[in-house]
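Colleague: Please see the structure below; I have some questions.
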Amino acid sequence: MGKHVGYSKSQVAMVERGERSPKGTLVEIADEVLGARGALLVLAEKEFGKGGLRPWTEDYLAEERRAAALHVYQNHVIPGSLQTEAYARAIYSCHVPALEDDEIDRRVTARLERQQLFQRKPKPMVSYVLEESTLTRPLGGPGALKEQLHHILGIGQLRHVEIQVMPHSRQAHAGLNGAMIVLETAEHRQLAYVEGPSGGYFVSEQPDLGELFARYGILRAQALNPDESAKLIYEVAEGL
């Protein structure tokens with residue numbers, strides 16, 4: 001099948017397991033090659049829908065769903081894998097250009113599904129470093145933000161998750177170049193992912209990969225520890 005559609009064996013397997021959305025004409029070619037008479041087209045629509053995700057986002061999410069370890073630094077908004085429905089909806093409602101209501105619904109649903117990360121087995125090692133500013137920007141209004149902060153506190157109580165806050169009081173730190181994600185793949189390879197307004201890309205080669213992992217390690221050392229961070233998050237929530 002991979003030879004027919006231009007995918008590797010592992011990529012075909014990920015689509016079969018529902019871990020990666022089929023791209024391009026994969027479904028049409030597979031349906032024809034297998035003589036499925038349209039059945040695969042119907043199944044693909046049912047399983048994957050039309051979420052409108054950009055190709056680079058789909059590639060990253062495929063890795064996130066299978067990661068053995070995931071470490072996220074975010075400096076603008078709460079990371080997608082931690083977002084509540086109200087908070088995610090507020091973000092997509094601010095999208096430029098504006099999205100249709102049904103498109104917002106699809107994207108919110110897809111974002112909430114990312115939280116399966118916290119329940120799957122084997123449990124991945126997960127950590128976050130959040131700028132304090134992400135805790136105070138009232139996306140969706142004070143009520144939505146308060147709900148979001150209490151949700152973060154709940155996730156932070158999981159044994160395989162650590163959440164830290166980079167306080168306003170720290171004048172400089174290792175993450176000033178921007179947000180990033182570093183992870184250990186299911187095959188135990190190191191990989192990093194960086195996304196901007198118009199695209200995202202993986203970093204898999206040295207020395208850039210090693211520098212990003214080192215930067216994240218320094219960030220964790222510079223941030224508040226998990227207990228101090230939880231106290232700050234709670235105080236911000238109670239002040240809303």
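In the structure tokens, chains take letters A, B, ... by order of appearance, with residues numbered from 1 within each chain and ligands from 1 in the order shown.
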Give me the residues within 9 Å of Val77 of chain A as a tab-separated table (two decimals) with N, CA and C atoms, in the first residue's frame, counting only C-alpha atoms and dropping any in the same chain fewer than 2 places off.
Modeller:
chain	number	residue	atom	x	y	z
A	74	GLN	N	5.41	27.38	26.93
A	74	GLN	CA	4.48	28.26	26.24
A	74	GLN	C	4.53	29.65	26.88
A	75	ASN	N	4.53	30.66	26.02
A	75	ASN	CA	4.66	32.03	26.53
A	75	ASN	C	3.51	32.95	26.15
A	79	PRO	N	-1.13	25.94	26.84
A	79	PRO	CA	-0.91	24.93	25.78
A	79	PRO	C	-2.19	24.18	25.41
A	80	GLY	N	-2.31	23.81	24.14
A	80	GLY	CA	-3.52	23.17	23.64
A	80	GLY	C	-3.91	21.92	24.40
A	91	ILE	N	-10.16	30.99	21.97
A	91	ILE	CA	-9.01	31.15	21.10
A	91	ILE	C	-9.42	31.05	19.64
A	130	LEU	N	5.07	27.32	31.98
A	130	LEU	CA	4.15	28.34	31.50
A	130	LEU	C	4.58	29.71	31.99
A	131	GLU	N	4.63	30.67	31.08
A	131	GLU	CA	4.85	32.05	31.52
A	131	GLU	C	3.68	32.50	32.39
A	133	SER	N	2.26	35.18	32.44
A	133	SER	CA	1.31	35.96	31.64
A	133	SER	C	0.21	35.09	31.04
A	134	THR	N	0.50	33.80	30.79
A	134	THR	CA	-0.54	32.91	30.24
A	134	THR	C	-1.64	32.66	31.26
A	135	LEU	N	-1.34	32.87	32.54
A	135	LEU	CA	-2.32	32.63	33.60
A	135	LEU	C	-3.22	33.83	33.84
A	137	ARG	N	-4.03	36.34	31.20
A	137	ARG	CA	-4.75	36.86	30.02
A	137	ARG	C	-6.15	36.26	30.02
A	139	LEU	N	-8.71	35.21	28.38
A	139	LEU	CA	-9.37	34.72	27.17
A	139	LEU	C	-10.70	34.06	27.54
Colleague: Give me the residues within 12 Å of Leu176 of chain A as a PyMOL selection string, counting only C-alpha atoms and dropping any in the same chain fewer than 2 places off.
Modeller: chain A and resi 73-76+131+166+170-174+178-180+215-216+218-219
Colleague: Can I get the selection written as a tab-separated table (two decimals), in the first residue's frame, with N, CA, C and O atoms?
Modeller:
chain	number	residue	atom	x	y	z
A	73	TYR	N	7.02	24.34	26.56
A	73	TYR	CA	7.17	25.70	27.07
A	73	TYR	C	6.27	26.61	26.26
A	73	TYR	O	6.34	26.62	25.03
A	74	GLN	N	5.41	27.38	26.93
A	74	GLN	CA	4.48	28.26	26.24
A	74	GLN	C	4.53	29.65	26.88
A	74	GLN	O	4.55	29.78	28.10
A	75	ASN	N	4.53	30.66	26.02
A	75	ASN	CA	4.66	32.03	26.53
A	75	ASN	C	3.51	32.95	26.15
A	75	ASN	O	3.52	34.12	26.55
A	76	HIS	N	2.52	32.46	25.39
A	76	HIS	CA	1.41	33.34	24.99
A	76	HIS	C	0.05	32.86	25.54
A	76	HIS	O	-0.71	33.67	26.06
A	131	GLU	N	4.63	30.67	31.08
A	131	GLU	CA	4.85	32.05	31.52
A	131	GLU	C	3.68	32.50	32.39
A	131	GLU	O	2.52	32.15	32.13
A	166	MET	N	6.88	30.24	35.05
A	166	MET	CA	7.98	31.19	34.99
A	166	MET	C	7.44	32.55	35.45
A	166	MET	O	6.60	33.14	34.77
A	170	ARG	N	11.20	37.13	37.25
A	170	ARG	CA	12.48	36.75	36.67
A	170	ARG	C	12.74	37.63	35.45
A	170	ARG	O	12.01	37.56	34.46
A	171	GLN	N	13.79	38.42	35.53
A	171	GLN	CA	14.05	39.41	34.48
A	171	GLN	C	14.44	38.78	33.15
A	171	GLN	O	14.12	39.31	32.08
A	172	ALA	N	15.17	37.67	33.19
A	172	ALA	CA	15.60	37.01	31.96
A	172	ALA	C	15.64	35.51	32.20
A	172	ALA	O	15.84	35.06	33.33
A	173	HIS	N	15.42	34.75	31.12
A	173	HIS	CA	15.50	33.29	31.24
A	173	HIS	C	15.81	32.68	29.89
A	173	HIS	O	15.91	33.39	28.87
A	174	ALA	N	15.92	31.37	29.83
A	174	ALA	CA	16.40	30.67	28.63
A	174	ALA	C	15.37	30.55	27.53
A	174	ALA	O	15.69	30.09	26.44
A	178	GLY	N	11.24	32.12	22.38
A	178	GLY	CA	9.90	31.70	21.98
A	178	GLY	C	9.50	30.34	22.47
A	178	GLY	O	10.31	29.60	23.06
A	179	ALA	N	8.24	29.99	22.22
A	179	ALA	CA	7.67	28.73	22.67
A	179	ALA	C	8.32	27.55	21.94
A	179	ALA	O	8.84	27.69	20.84
A	180	MET	N	8.27	26.39	22.59
A	180	MET	CA	8.84	25.19	21.98
A	180	MET	C	8.30	23.95	22.66
A	180	MET	O	7.78	24.01	23.78
A	215	ARG	N	18.02	24.01	26.52
A	215	ARG	CA	17.29	25.23	26.86
A	215	ARG	C	16.08	24.91	27.74
A	215	ARG	O	15.81	25.61	28.70
A	216	TYR	N	15.39	23.82	27.40
A	216	TYR	CA	14.22	23.46	28.21
A	216	TYR	C	14.65	23.05	29.62
A	216	TYR	O	13.98	23.39	30.60
A	218	ILE	N	17.20	24.16	31.29
A	218	ILE	CA	17.52	25.39	32.03
A	218	ILE	C	16.25	26.12	32.43
A	218	ILE	O	16.13	26.66	33.54
A	219	LEU	N	15.25	26.14	31.52
A	219	LEU	CA	13.96	26.77	31.83
A	219	LEU	C	13.34	26.17	33.09
A	219	LEU	O	12.85	26.89	33.97
Colleague: Measure the distance from atom CA of Ala230 of chain A to atom CA of Gln164 of chain A in Å and round it to one decimal.
Modeller: 7.7 Å
Colleague: Quick one, how far is atom CA of Leu209 of chain A from atom CA of Val165 of chain A?
Modeller: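 Value for the atom CA of Leu209 of chain A-atom CA of Val165 of chain A distance: 23.4 Å.
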Colleague: If we count only C-alpha atoms and set the cut-off at 7 Å, which residues sit around segment 102-111 of chain A, ignoring sequence neighbours fewer than 2 positions away in its own chain? Please answer as a count of residues only.
Modeller: 11
Colleague: Write out as a PyMOL selection string the set of residues from segment 64-163 of chain A that DSSP, computed on the backbone, places in strand (DSSP E).
Modeller: chain A and resi 69-74+125-131+161-163
